[in-house]
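Read through the structure below, which is laid out as structure tokens, and then see the notes.
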Amino acid sequence: MKAAVIVFPGSNCDHDALHVCGPVMRWDTVPVWHESASLEGADLVILPGGFSYGDYLRCGAIARFSPIMDAVIKHANKGGLTLGICNGFQVLIEAGLLPGALLRNNCMEFRCVWTQLKVQTTECDFTRGLEVGDVLRVPIAHGEGNYFARPDVLKQLNDQHRVVFRYCTPDGKIAPEANPNGSVENIAGILNEGRNVLGMMPHPERASEAVLGSGDGKRVFDSLAAAYADIGW
Amino acid sequence: MRFNCEVYIRPRRDILDPQGDAVKAALANLSFPGVDSVKVGRYLVLALDANDEGAARKQLDEMCEKLLANPITEDFEIKVTPA
């Protein structure tokens with residue numbers, strides 16, 4: 001199992017992702033600079049959180065044209081596991097690997113808070129070790145995480161069970177008061193059609209050890225490890 | 001031939017613009033109650049070399065579609081004048 005964490009200028013959660021994949025999960029883990037052309041044979045590619053290119057123009061808009069993105073798009077299109085967290089989610093959307101858009105939070109604040117996520121599907125390697133309805137405690141930290149999609153896209157996401165996480169209350173209710181940013185239908189994370197690309201605004205890598213306040217995020221990485229052990233990729 | 005190009009990018013009408021709404025609320029607080037709506041966008045100025053105005057516009061359209069604007073959430077308008 002080999003993981004590559006892409007490092008853009010302005011990425012700031014790359015080390016968190018490297019820490020979880022390396023010392024915590026004990027995977028072979030490499031940082032890959034955005035000017036590189038190769039993913040170095042990685043099975044899992046992580047686009048980390050941060051402020052790539054200072055969020056100039058739009059979050060993720062310039063990172064999407066970094067040289068490494070050709071390899072990332074190729075990896076994703078041939079079924080390779082790809083996880084975009086926060087700014088990484090924004091980059092995946094700008095790259096056209098996931099549908100919709102991430103608008104400014106409706107509260108107009110940068111929100112750095114703990115959220116609860118309700119698992120909506122286990123039909124992907126990211127959540128296969130979880131149960132539908134499980135509630136994960138995972139933090140968010142963003143100013144532009146307000147997920148938006150046109151009604152036809154939203155219908156397709158729902159019909160194909162491609163919404164993986166929705167923001168919920170601690171007791172698992174998907175309600176407006178649990179929505180930290182105005183995302184349509186409380187959406188916190190979605191899959192591509194091939195179910196091998198996951199984009200999510202919350203940070204599972206910041207909640208992968210009890211000492212950090214929650215180990216729930218590690219269940220996503222444990223799912224990936226189990227998928228790899230079972231079938232390989 | 002050189003052209004001075006201006007690109008106006010603004011949120012689409014049917015999209016919630018929290019930034020515009022916040023500015024509208026602030027203007028109401030400043031005793032400008034007549035403000036019906038505010039949209040906050042971006043304004044870019046480019047100096048561009050192209051064979052003619054049509055070619056310049058074609059390039060700018062492509063720039064907007066690919067990078068400068070997000071066609072899902074934003075509209076754009078282009079103005080081109082010979083330098």
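Residues in the structure tokens are numbered from 1 in each chain, the chains being A, B, ... in the order shown, and ligands are numbered from 1 in the order shown.
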
At most 10 Å to chain B: residues in chain A, only C-alpha atoms, as a list in words: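 Going by the stated atoms only, the list reads Leu57, Arg58, Ala61, Ile62, Arg64, Phe65, Glu94, Ala95, Pro99, Gly100, Ala101, Leu102, Leu103, Arg104, Asn105, Asn106, Cys107, Met108, Phe148, Ala149, Arg150 and Gly182 of chain A.
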
Can I get the selected residues back with C-alpha atoms, as a PDB file, in the first residue's frame?
ATOM      1  CA  LEU A  57      -9.074  33.683  -8.399  1.00  0.00           C
ATOM      2  CA  ARG A  58     -11.110  30.835  -6.798  1.00  0.00           C
ATOM      3  CA  ALA A  61      -8.691  27.084  -9.665  1.00  0.00           C
ATOM      4  CA  ILE A  62      -4.967  27.535 -10.247  1.00  0.00           C
ATOM      5  CA  ARG A  64      -5.972  22.445 -10.985  1.00  0.00           C
ATOM      6  CA  PHE A  65      -3.444  23.376 -13.700  1.00  0.00           C
ATOM      7  CA  GLU A  94     -12.109  22.563 -10.426  1.00  0.00           C
ATOM      8  CA  ALA A  95     -10.428  19.653 -12.247  1.00  0.00           C
ATOM      9  CA  PRO A  99     -19.475  17.776  -9.971  1.00  0.00           C
ATOM     10  CA  GLY A 100     -20.847  20.969  -8.419  1.00  0.00           C
ATOM     11  CA  ALA A 101     -19.145  23.943  -6.815  1.00  0.00           C
ATOM     12  CA  LEU A 102     -17.999  25.064  -3.365  1.00  0.00           C
ATOM     13  CA  LEU A 103     -19.241  28.559  -2.568  1.00  0.00           C
ATOM     14  CA  ARG A 104     -18.442  30.892   0.290  1.00  0.00           C
ATOM     15  CA  ASN A 105     -19.934  29.735   3.600  1.00  0.00           C
ATOM     16  CA  ASN A 106     -23.420  31.204   3.959  1.00  0.00           C
ATOM     17  CA  CYS A 107     -22.450  32.511   7.421  1.00  0.00           C
ATOM     18  CA  MET A 108     -19.606  34.544   5.803  1.00  0.00           C
ATOM     19  CA  PHE A 148     -23.748  23.677  -4.427  1.00  0.00           C
ATOM     20  CA  ALA A 149     -25.044  21.626  -7.344  1.00  0.00           C
ATOM     21  CA  ARG A 150     -27.809  22.195  -9.873  1.00  0.00           C
ATOM     22  CA  GLY A 182     -24.985  26.260   4.004  1.00  0.00           C
TER      23      GLY A 182
END

Just want the 10 Å neighbourhood of B:Ala25, counted on only C-alpha atoms, with same-chain residues fewer than 5 positions away dropped. Output as a ChimeraX atom specification. /B:19-20,30,32-33,35,37-38

I'd like to know which of A:Asn158, A:Ser52, A:Ser214, A:Thr115 is closest to A:Phe89, using only C-alpha atoms. A:Ser52

Just how far from atom CA of B:Arg2 is atom CA of B:Lys58, in Å to one decimal?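 These two atoms are separated by 14.5 Å.
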
Just list as a PyMOL selection string whatever in stretch 53-192 of chain A DSSP marks as strand (DSSP E or B). chain A and resi 81-85+101-103+111-119+135-142+146-148+163-168+187-191

Selection near B:Pro11, 8 Å with only C-alpha atoms, sequence-local residues under 6 positions removed, as an mmCIF file with N, CA and C atoms, in the first residue's frame:
data_model
loop_
_atom_site.group_PDB
_atom_site.id
_atom_site.type_symbol
_atom_site.label_atom_id
_atom_site.label_comp_id
_atom_site.auth_asym_id
_atom_site.auth_seq_id
_atom_site.Cartn_x
_atom_site.Cartn_y
_atom_site.Cartn_z
ATOM 1 N N ASP B 17 -25.449 34.648 -2.996
ATOM 2 C CA ASP B 17 -24.169 35.347 -2.883
ATOM 3 C C ASP B 17 -24.048 35.908 -1.460
ATOM 4 N N LYS B 39 -24.361 42.255 -5.617
ATOM 5 C CA LYS B 39 -23.596 41.081 -6.038
ATOM 6 C C LYS B 39 -22.128 41.475 -6.047
ATOM 7 N N VAL B 40 -21.287 40.679 -5.421
ATOM 8 C CA VAL B 40 -19.852 40.959 -5.397
ATOM 9 C C VAL B 40 -19.165 40.030 -6.388
ATOM 10 N N GLY B 41 -18.404 40.637 -7.307
ATOM 11 C CA GLY B 41 -17.714 39.837 -8.325
ATOM 12 C C GLY B 41 -16.247 40.197 -8.407
ATOM 13 N N THR B 73 -21.227 28.716 -11.493
ATOM 14 C CA THR B 73 -21.744 29.665 -10.507
ATOM 15 C C THR B 73 -21.602 31.126 -10.929
ATOM 16 N N GLU B 74 -20.878 31.383 -12.014
ATOM 17 C CA GLU B 74 -20.586 32.783 -12.358
ATOM 18 C C GLU B 74 -20.895 33.095 -13.826
ATOM 19 N N ASP B 75 -21.309 34.337 -14.074
ATOM 20 C CA ASP B 75 -21.433 34.869 -15.429
ATOM 21 C C ASP B 75 -20.235 35.782 -15.684
#

Excluding A:Val163 and its own-chain neighbours fewer than 2 positions away, which residues fall within 12 Å of it when counting only C-alpha atoms? Please give them as a PyMOL selection string. chain A and resi 98-99+117-124+127+132+147+153-161+165-167+184-193+195+197-200

Please produce an output containing N, CA and C atoms for each residue in the selection, written as a short mmCIF file (atom, residue, chain, number, x, y, z; two decimals), in the first residue's frame.
data_model
loop_
_atom_site.label_atom_id
_atom_site.label_comp_id
_atom_site.auth_asym_id
_atom_site.auth_seq_id
_atom_site.Cartn_x
_atom_site.Cartn_y
_atom_site.Cartn_z
N LEU A 98 -15.09 15.87 -9.91
CA LEU A 98 -16.32 15.80 -9.12
C LEU A 98 -17.23 16.94 -9.56
N PRO A 99 -18.56 16.74 -9.49
CA PRO A 99 -19.48 17.78 -9.97
C PRO A 99 -19.79 18.83 -8.91
N LEU A 117 -20.59 13.82 11.14
CA LEU A 117 -20.92 13.39 9.78
C LEU A 117 -21.68 12.08 9.84
N LYS A 118 -22.79 12.03 9.10
CA LYS A 118 -23.55 10.79 9.05
C LYS A 118 -23.18 10.04 7.78
N VAL A 119 -22.78 8.80 7.95
CA VAL A 119 -22.38 7.97 6.81
C VAL A 119 -23.63 7.62 6.01
N GLN A 120 -23.58 7.91 4.69
CA GLN A 120 -24.75 7.71 3.82
C GLN A 120 -24.62 6.48 2.94
N THR A 121 -23.40 6.06 2.68
CA THR A 121 -23.20 4.88 1.84
C THR A 121 -21.91 4.19 2.25
N THR A 122 -21.90 2.88 2.13
CA THR A 122 -20.65 2.12 2.37
C THR A 122 -20.21 1.43 1.08
N GLU A 123 -20.85 1.87 -0.04
CA GLU A 123 -20.51 1.28 -1.34
C GLU A 123 -19.32 2.02 -1.96
N CYS A 124 -18.22 2.06 -1.20
CA CYS A 124 -16.96 2.59 -1.74
C CYS A 124 -15.86 2.19 -0.77
N THR A 127 -15.45 3.91 2.81
CA THR A 127 -16.37 3.71 3.95
C THR A 127 -16.83 2.26 4.08
N VAL A 132 -23.92 2.31 7.34
CA VAL A 132 -24.78 3.44 6.99
C VAL A 132 -25.46 3.91 8.27
N TYR A 147 -21.37 23.56 -0.30
CA TYR A 147 -21.52 22.75 -1.52
C TYR A 147 -22.79 23.13 -2.26
N VAL A 153 -27.99 17.65 -11.17
CA VAL A 153 -26.75 17.01 -10.64
C VAL A 153 -27.02 16.42 -9.26
N LEU A 154 -27.77 17.18 -8.46
CA LEU A 154 -28.11 16.73 -7.11
C LEU A 154 -28.93 15.43 -7.16
N LYS A 155 -29.86 15.39 -8.10
CA LYS A 155 -30.70 14.20 -8.25
C LYS A 155 -29.82 12.99 -8.62
N GLN A 156 -28.90 13.22 -9.53
CA GLN A 156 -28.01 12.14 -9.95
C GLN A 156 -27.17 11.64 -8.77
N LEU A 157 -26.63 12.60 -7.98
CA LEU A 157 -25.82 12.23 -6.80
C LEU A 157 -26.65 11.38 -5.84
N ASN A 158 -27.90 11.79 -5.61
CA ASN A 158 -28.75 11.05 -4.68
C ASN A 158 -29.17 9.70 -5.26
N ASP A 159 -29.58 9.71 -6.55
CA ASP A 159 -30.04 8.46 -7.18
C ASP A 159 -28.93 7.41 -7.20
N GLN A 160 -27.70 7.87 -7.38
CA GLN A 160 -26.58 6.92 -7.49
C GLN A 160 -25.87 6.71 -6.15
N HIS A 161 -26.47 7.19 -5.07
CA HIS A 161 -25.90 7.03 -3.72
C HIS A 161 -24.44 7.50 -3.69
N PHE A 165 -21.14 11.58 2.97
CA PHE A 165 -21.32 12.15 4.31
C PHE A 165 -22.28 13.35 4.24
N ARG A 166 -23.14 13.45 5.28
CA ARG A 166 -23.92 14.68 5.47
C ARG A 166 -23.68 15.17 6.89
N TYR A 167 -23.65 16.48 7.08
CA TYR A 167 -23.52 17.06 8.41
C TYR A 167 -24.76 16.72 9.22
N VAL A 184 -25.91 22.50 0.33
CA VAL A 184 -27.22 21.99 -0.07
C VAL A 184 -27.39 20.57 0.50
N GLU A 185 -28.54 20.32 1.10
CA GLU A 185 -28.88 19.02 1.69
C GLU A 185 -27.81 18.52 2.67
N ASN A 186 -27.14 19.46 3.34
CA ASN A 186 -26.12 19.13 4.36
C ASN A 186 -24.96 18.28 3.82
N ILE A 187 -24.70 18.38 2.51
CA ILE A 187 -23.68 17.52 1.90
C ILE A 187 -22.27 17.92 2.36
N ALA A 188 -21.52 16.92 2.85
CA ALA A 188 -20.16 17.15 3.33
C ALA A 188 -19.13 16.43 2.48
N GLY A 189 -19.56 15.40 1.73
CA GLY A 189 -18.61 14.65 0.90
C GLY A 189 -19.32 13.85 -0.16
N ILE A 190 -18.72 13.82 -1.38
CA ILE A 190 -19.34 13.12 -2.51
C ILE A 190 -18.32 12.28 -3.27
N LEU A 191 -18.86 11.30 -4.00
CA LEU A 191 -18.06 10.41 -4.84
C LEU A 191 -18.24 10.76 -6.31
N ASN A 192 -17.25 10.34 -7.13
CA ASN A 192 -17.45 10.38 -8.58
C ASN A 192 -18.27 9.17 -8.99
N GLU A 193 -18.59 9.08 -10.27
CA GLU A 193 -19.42 7.96 -10.74
C GLU A 193 -18.72 6.62 -10.55
N ARG A 195 -16.85 5.81 -8.15
CA ARG A 195 -16.78 5.59 -6.70
C ARG A 195 -15.35 5.43 -6.18
N VAL A 197 -13.18 8.24 -6.38
CA VAL A 197 -12.73 9.60 -6.03
C VAL A 197 -13.69 10.16 -4.99
N LEU A 198 -13.15 10.51 -3.82
CA LEU A 198 -13.97 11.11 -2.76
C LEU A 198 -13.46 12.52 -2.47
N GLY A 199 -14.38 13.47 -2.48
CA GLY A 199 -14.06 14.83 -2.04
C GLY A 199 -14.88 15.14 -0.81
N MET A 200 -14.22 15.69 0.22
CA MET A 200 -14.94 16.04 1.46
C MET A 200 -14.33 17.28 2.09
#

Extract, using only C-alpha atoms, all DNA, RNA and protein residues at most 10 Å from A:Lys78, discarding same-chain residues fewer than 5 positions from it, and format them as a PyMOL selection string. chain A and resi 73+194+196

Would you pick out the contacts of B:Leu44 at 9 Å or less, using only C-alpha atoms, so that residues sharing its chain but fewer than 3 positions from it are not included, and give the list as a PyMOL selection string? chain B and resi 5-9+68

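When DSSP is run on the backbone, the residues of chain B that fall into helix (DSSP H, G or I) are Pro18, Gln19, Gly20, Asp21, Ala22, Val23, Lys24, Ala25, Ala26, Leu27, Ala28, Asn29, Glu53, Gly54, Ala55, Ala56, Arg57, Lys58, Gln59, Leu60, Asp61, Glu62, Met63, Cys64, Glu65, Lys66, Leu67 and Leu68 of chain B.
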